[in-house]
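Dropping model-v9.pdb in here (PDB, N, CA and C atoms):
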```pdb
ATOM      1  N   MET A   1      -0.581  -6.550  -7.029  1.00  0.00           N
ATOM      2  CA  MET A   1      -1.794  -5.778  -6.875  1.00  0.00           C
ATOM      3  C   MET A   1      -1.459  -4.293  -6.706  1.00  0.00           C
ATOM      4  N   VAL A   2      -0.416  -4.007  -5.939  1.00  0.00           N
ATOM      5  CA  VAL A   2      -0.026  -2.610  -5.713  1.00  0.00           C
ATOM      6  C   VAL A   2       0.435  -1.974  -7.014  1.00  0.00           C
ATOM      7  N   GLU A   3       1.203  -2.700  -7.809  1.00  0.00           N
ATOM      8  CA  GLU A   3       1.658  -2.161  -9.086  1.00  0.00           C
ATOM      9  C   GLU A   3       0.487  -1.836  -9.997  1.00  0.00           C
ATOM     10  N   ARG A   4      -0.504  -2.702 -10.034  1.00  0.00           N
ATOM     11  CA  ARG A   4      -1.691  -2.442 -10.859  1.00  0.00           C
ATOM     12  C   ARG A   4      -2.467  -1.241 -10.339  1.00  0.00           C
ATOM     13  N   ALA A   5      -2.541  -1.115  -9.019  1.00  0.00           N
ATOM     14  CA  ALA A   5      -3.267   0.009  -8.426  1.00  0.00           C
ATOM     15  C   ALA A   5      -2.586   1.337  -8.751  1.00  0.00           C
ATOM     16  N   THR A   6      -1.258   1.364  -8.753  1.00  0.00           N
ATOM     17  CA  THR A   6      -0.551   2.615  -9.024  1.00  0.00           C
ATOM     18  C   THR A   6      -0.694   3.055 -10.475  1.00  0.00           C
ATOM     19  N   GLU A   7      -1.003   2.143 -11.370  1.00  0.00           N
ATOM     20  CA  GLU A   7      -1.226   2.502 -12.769  1.00  0.00           C
ATOM     21  C   GLU A   7      -2.475   3.368 -12.929  1.00  0.00           C
ATOM     22  N   GLU A   8      -3.408   3.273 -11.988  1.00  0.00           N
ATOM     23  CA  GLU A   8      -4.664   4.018 -12.075  1.00  0.00           C
ATOM     24  C   GLU A   8      -4.580   5.391 -11.407  1.00  0.00           C
ATOM     25  N   ILE A   9      -3.428   5.732 -10.835  1.00  0.00           N
ATOM     26  CA  ILE A   9      -3.267   6.982 -10.105  1.00  0.00           C
ATOM     27  C   ILE A   9      -2.431   7.939 -10.937  1.00  0.00           C
ATOM     28  N   ASP A  10      -2.862   9.218 -10.988  1.00  0.00           N
ATOM     29  CA  ASP A  10      -2.157  10.220 -11.785  1.00  0.00           C
ATOM     30  C   ASP A  10      -0.863  10.688 -11.119  1.00  0.00           C
ATOM     31  N   THR A  11      -0.782  10.602  -9.804  1.00  0.00           N
ATOM     32  CA  THR A  11       0.382  11.045  -9.056  1.00  0.00           C
ATOM     33  C   THR A  11       1.466   9.969  -9.099  1.00  0.00           C
ATOM     34  N   PRO A  12       2.739  10.375  -9.289  1.00  0.00           N
ATOM     35  CA  PRO A  12       3.811   9.372  -9.257  1.00  0.00           C
ATOM     36  C   PRO A  12       3.886   8.683  -7.889  1.00  0.00           C
ATOM     37  N   VAL A  13       4.051   7.365  -7.899  1.00  0.00           N
ATOM     38  CA  VAL A  13       4.106   6.582  -6.667  1.00  0.00           C
ATOM     39  C   VAL A  13       5.365   5.721  -6.697  1.00  0.00           C
ATOM     40  N   GLU A  14       6.121   5.745  -5.611  1.00  0.00           N
ATOM     41  CA  GLU A  14       7.315   4.923  -5.494  1.00  0.00           C
ATOM     42  C   GLU A  14       6.974   3.696  -4.659  1.00  0.00           C
ATOM     43  N   ILE A  15       7.335   2.528  -5.158  1.00  0.00           N
ATOM     44  CA  ILE A  15       7.045   1.271  -4.469  1.00  0.00           C
ATOM     45  C   ILE A  15       8.345   0.680  -3.952  1.00  0.00           C
ATOM     46  N   GLU A  16       8.357   0.334  -2.683  1.00  0.00           N
ATOM     47  CA  GLU A  16       9.503  -0.331  -2.081  1.00  0.00           C
ATOM     48  C   GLU A  16       9.033  -1.638  -1.457  1.00  0.00           C
ATOM     49  N   LEU A  17       9.706  -2.715  -1.788  1.00  0.00           N
ATOM     50  CA  LEU A  17       9.392  -4.009  -1.193  1.00  0.00           C
ATOM     51  C   LEU A  17      10.377  -4.269  -0.067  1.00  0.00           C
ATOM     52  N   GLU A  18       9.869  -4.599   1.095  1.00  0.00           N
ATOM     53  CA  GLU A  18      10.716  -4.886   2.238  1.00  0.00           C
ATOM     54  C   GLU A  18      10.533  -6.339   2.647  1.00  0.00           C
ATOM     55  N   GLU A  19      11.633  -7.017   2.836  1.00  0.00           N
ATOM     56  CA  GLU A  19      11.590  -8.410   3.269  1.00  0.00           C
ATOM     57  C   GLU A  19      11.224  -8.521   4.745  1.00  0.00           C
ATOM     58  N   LYS A  20      11.795  -7.652   5.561  1.00  0.00           N
ATOM     59  CA  LYS A  20      11.553  -7.723   7.001  1.00  0.00           C
ATOM     60  C   LYS A  20      11.238  -6.348   7.551  1.00  0.00           C
ATOM     61  N   ASN A  21      10.289  -6.304   8.436  1.00  0.00           N
ATOM     62  CA  ASN A  21       9.931  -5.082   9.146  1.00  0.00           C
ATOM     63  C   ASN A  21       9.415  -5.518  10.503  1.00  0.00           C
ATOM     64  N   ASN A  22      10.046  -5.084  11.557  1.00  0.00           N
ATOM     65  CA  ASN A  22       9.683  -5.529  12.904  1.00  0.00           C
ATOM     66  C   ASN A  22       8.295  -5.066  13.348  1.00  0.00           C
ATOM     67  N   ASN A  23       7.749  -4.041  12.703  1.00  0.00           N
ATOM     68  CA  ASN A  23       6.425  -3.535  13.077  1.00  0.00           C
ATOM     69  C   ASN A  23       5.295  -4.386  12.503  1.00  0.00           C
ATOM     70  N   ILE A  24       5.594  -5.199  11.507  1.00  0.00           N
ATOM     71  CA  ILE A  24       4.570  -6.003  10.844  1.00  0.00           C
ATOM     72  C   ILE A  24       4.572  -7.412  11.430  1.00  0.00           C
ATOM     73  N   LYS A  25       3.405  -7.829  11.912  1.00  0.00           N
ATOM     74  CA  LYS A  25       3.281  -9.152  12.515  1.00  0.00           C
ATOM     75  C   LYS A  25       2.659 -10.168  11.558  1.00  0.00           C
ATOM     76  N   ASN A  26       1.771  -9.701  10.696  1.00  0.00           N
ATOM     77  CA  ASN A  26       1.080 -10.583   9.749  1.00  0.00           C
ATOM     78  C   ASN A  26       1.297 -10.074   8.336  1.00  0.00           C
ATOM     79  N   ILE A  27       1.665 -10.982   7.438  1.00  0.00           N
ATOM     80  CA  ILE A  27       1.826 -10.598   6.052  1.00  0.00           C
ATOM     81  C   ILE A  27       0.663 -11.144   5.244  1.00  0.00           C
ATOM     82  N   PRO A  28       0.296 -10.559   4.144  1.00  0.00           N
ATOM     83  CA  PRO A  28       0.885  -9.372   3.538  1.00  0.00           C
ATOM     84  C   PRO A  28       0.490  -8.118   4.309  1.00  0.00           C
ATOM     85  N   ALA A  29       1.278  -7.070   4.103  1.00  0.00           N
ATOM     86  CA  ALA A  29       1.005  -5.795   4.761  1.00  0.00           C
ATOM     87  C   ALA A  29       1.214  -4.670   3.758  1.00  0.00           C
ATOM     88  N   LEU A  30       0.491  -3.575   3.970  1.00  0.00           N
ATOM     89  CA  LEU A  30       0.625  -2.393   3.120  1.00  0.00           C
ATOM     90  C   LEU A  30       0.998  -1.223   4.004  1.00  0.00           C
ATOM     91  N   VAL A  31       2.141  -0.611   3.702  1.00  0.00           N
ATOM     92  CA  VAL A  31       2.612   0.560   4.438  1.00  0.00           C
ATOM     93  C   VAL A  31       2.689   1.709   3.444  1.00  0.00           C
ATOM     94  N   ILE A  32       2.037   2.814   3.776  1.00  0.00           N
ATOM     95  CA  ILE A  32       2.053   3.992   2.916  1.00  0.00           C
ATOM     96  C   ILE A  32       2.577   5.160   3.731  1.00  0.00           C
ATOM     97  N   ASN A  33       3.620   5.797   3.219  1.00  0.00           N
ATOM     98  CA  ASN A  33       4.255   6.931   3.909  1.00  0.00           C
ATOM     99  C   ASN A  33       4.622   6.597   5.342  1.00  0.00           C
ATOM    100  N   GLY A  34       5.088   5.383   5.578  1.00  0.00           N
ATOM    101  CA  GLY A  34       5.513   4.970   6.911  1.00  0.00           C
ATOM    102  C   GLY A  34       4.388   4.543   7.832  1.00  0.00           C
ATOM    103  N   ASN A  35       3.148   4.598   7.363  1.00  0.00           N
ATOM    104  CA  ASN A  35       1.988   4.212   8.166  1.00  0.00           C
ATOM    105  C   ASN A  35       1.505   2.827   7.760  1.00  0.00           C
ATOM    106  N   LEU A  36       1.340   1.948   8.732  1.00  0.00           N
ATOM    107  CA  LEU A  36       0.810   0.618   8.470  1.00  0.00           C
ATOM    108  C   LEU A  36      -0.684   0.750   8.186  1.00  0.00           C
ATOM    109  N   ILE A  37      -1.070   0.487   6.953  1.00  0.00           N
ATOM    110  CA  ILE A  37      -2.450   0.680   6.507  1.00  0.00           C
ATOM    111  C   ILE A  37      -3.250  -0.607   6.602  1.00  0.00           C
ATOM    112  N   SER A  38      -2.652  -1.715   6.224  1.00  0.00           N
ATOM    113  CA  SER A  38      -3.345  -2.998   6.237  1.00  0.00           C
ATOM    114  C   SER A  38      -2.348  -4.086   6.583  1.00  0.00           C
ATOM    115  N   GLU A  39      -2.843  -5.091   7.284  1.00  0.00           N
ATOM    116  CA  GLU A  39      -1.974  -6.187   7.705  1.00  0.00           C
ATOM    117  C   GLU A  39      -2.778  -7.480   7.739  1.00  0.00           C
ATOM    118  N   GLY A  40      -2.223  -8.530   7.153  1.00  0.00           N
ATOM    119  CA  GLY A  40      -2.853  -9.840   7.205  1.00  0.00           C
ATOM    120  C   GLY A  40      -4.005 -10.052   6.247  1.00  0.00           C
ATOM    121  N   LYS A  41      -4.171  -9.150   5.261  1.00  0.00           N
ATOM    122  CA  LYS A  41      -5.255  -9.283   4.289  1.00  0.00           C
ATOM    123  C   LYS A  41      -4.714  -9.073   2.880  1.00  0.00           C
ATOM    124  N   VAL A  42      -5.273  -9.796   1.928  1.00  0.00           N
ATOM    125  CA  VAL A  42      -4.973  -9.544   0.521  1.00  0.00           C
ATOM    126  C   VAL A  42      -6.018  -8.560   0.030  1.00  0.00           C
ATOM    127  N   LEU A  43      -5.581  -7.365  -0.300  1.00  0.00           N
ATOM    128  CA  LEU A  43      -6.492  -6.304  -0.718  1.00  0.00           C
ATOM    129  C   LEU A  43      -6.706  -6.339  -2.229  1.00  0.00           C
ATOM    130  N   THR A  44      -7.864  -5.868  -2.662  1.00  0.00           N
ATOM    131  CA  THR A  44      -8.150  -5.765  -4.092  1.00  0.00           C
ATOM    132  C   THR A  44      -7.442  -4.539  -4.653  1.00  0.00           C
ATOM    133  N   VAL A  45      -7.306  -4.507  -5.959  1.00  0.00           N
ATOM    134  CA  VAL A  45      -6.700  -3.354  -6.627  1.00  0.00           C
ATOM    135  C   VAL A  45      -7.514  -2.102  -6.326  1.00  0.00           C
ATOM    136  N   ARG A  46      -8.818  -2.232  -6.359  1.00  0.00           N
ATOM    137  CA  ARG A  46      -9.703  -1.089  -6.089  1.00  0.00           C
ATOM    138  C   ARG A  46      -9.480  -0.527  -4.679  1.00  0.00           C
ATOM    139  N   LYS A  47      -9.361  -1.403  -3.686  1.00  0.00           N
ATOM    140  CA  LYS A  47      -9.154  -0.979  -2.303  1.00  0.00           C
ATOM    141  C   LYS A  47      -7.773  -0.331  -2.135  1.00  0.00           C
ATOM    142  N   ILE A  48      -6.748  -0.913  -2.755  1.00  0.00           N
ATOM    143  CA  ILE A  48      -5.404  -0.342  -2.661  1.00  0.00           C
ATOM    144  C   ILE A  48      -5.374   1.045  -3.302  1.00  0.00           C
ATOM    145  N   THR A  49      -6.005   1.190  -4.454  1.00  0.00           N
ATOM    146  CA  THR A  49      -6.065   2.487  -5.130  1.00  0.00           C
ATOM    147  C   THR A  49      -6.715   3.526  -4.232  1.00  0.00           C
ATOM    148  N   LYS A  50      -7.817   3.168  -3.607  1.00  0.00           N
ATOM    149  CA  LYS A  50      -8.531   4.076  -2.711  1.00  0.00           C
ATOM    150  C   LYS A  50      -7.647   4.476  -1.520  1.00  0.00           C
ATOM    151  N   LEU A  51      -6.948   3.511  -0.924  1.00  0.00           N
ATOM    152  CA  LEU A  51      -6.090   3.790   0.219  1.00  0.00           C
ATOM    153  C   LEU A  51      -4.922   4.698  -0.159  1.00  0.00           C
ATOM    154  N   ILE A  52      -4.320   4.458  -1.324  1.00  0.00           N
ATOM    155  CA  ILE A  52      -3.211   5.313  -1.769  1.00  0.00           C
ATOM    156  C   ILE A  52      -3.708   6.727  -2.010  1.00  0.00           C
ATOM    157  N   LYS A  53      -4.839   6.872  -2.691  1.00  0.00           N
ATOM    158  CA  LYS A  53      -5.384   8.206  -2.964  1.00  0.00           C
ATOM    159  C   LYS A  53      -5.696   8.938  -1.669  1.00  0.00           C
ATOM    160  N   ASN A  54      -6.245   8.247  -0.667  1.00  0.00           N
ATOM    161  CA  ASN A  54      -6.543   8.882   0.607  1.00  0.00           C
ATOM    162  C   ASN A  54      -5.281   9.355   1.297  1.00  0.00           C
ATOM    163  N   GLU A  55      -4.213   8.564   1.273  1.00  0.00           N
ATOM    164  CA  GLU A  55      -2.959   8.937   1.932  1.00  0.00           C
ATOM    165  C   GLU A  55      -2.245  10.068   1.202  1.00  0.00           C
ATOM    166  N   VAL A  56      -2.292  10.059  -0.114  1.00  0.00           N
ATOM    167  CA  VAL A  56      -1.607  11.092  -0.898  1.00  0.00           C
ATOM    168  C   VAL A  56      -2.307  12.431  -0.762  1.00  0.00           C
ATOM    169  N   ASN A  57      -3.631  12.430  -0.656  1.00  0.00           N
ATOM    170  CA  ASN A  57      -4.392  13.672  -0.564  1.00  0.00           C
ATOM    171  C   ASN A  57      -4.426  14.256   0.839  1.00  0.00           C
ATOM    172  N   CYS A  58      -3.947  13.541   1.845  1.00  0.00           N
ATOM    173  CA  CYS A  58      -3.981  14.056   3.223  1.00  0.00           C
ATOM    174  C   CYS A  58      -3.025  15.197   3.415  1.00  0.00           C
TER
END
```

Rendering of file as structure tokens:
Amino acid sequence: MVERATEEIDTPVEIELEEKNNNIKNIPALVINGNLISEGKVLTVRKITKLIKNEVNC
């Protein structure tokens, strides 16, 4: 879902998959720029795109 969401964004986005992270209690989780954005939910492509755009524009 994240890969599909990044295709809709004009800004280059680097994706890193992490097997373990002690800060995350529930998977799946979305971390953007070191900030835990979502945890324990499967997000839609539309929602992920919106969250990435909000974090990149901050």

Residue list as an MDAnalysis selection string for point (-0.3, 1.3, -11.1), cut-off 12 Å, only C-alpha atoms: chainID A and resid 1:15 45:46 48:49 52:53

CA of Leu51 (chain A) to CA of Gly34 (chain A), distance in Å rounded to a single decimal: 13.4 Å

Gap from CA of Ile24 (chain A) to CA of Ser38 (chain A) - Å, one decimal: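 The value is 9.6 Å.
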
Between CA of Ile37 (chain A) and atom N of Glu16 (chain A) - distance in Å to one decimal: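 Between atom N of Glu16 (chain A) and CA of Ile37 (chain A) the gap is 14.2 Å.
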
12 Å contact set for Leu17 (chain A), only C-alpha atoms, chain neighbours under 3 positions out, as a PyMOL selection string: chain A and resi 2-3+14+20-21+28-32

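Here the residues within chain A that DSSP labels strand (DSSP E) on the basis of the backbone are A:Ala29, A:Leu30, A:Val31, A:Ile32, A:Asn35, A:Leu36, A:Ile37, A:Ser38, A:Glu39.
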
DSSP helix (DSSP H, G or I) residues within chain A, listed as a PyMOL selection string: chain A and resi 2-7+45-57

Padding 5 Å on each side, edges along x, y and z: where is the centre of the box around the listed atoms of region 17-30 of chain A, and how long are its edges in Å to one decimal? Output it as AutoDock Vina command-line options.
```
--center_x 6.0 --center_y -6.2 --center_z 5.8 --size_x 21.5 --size_y 19.9 --size_z 25.1
```
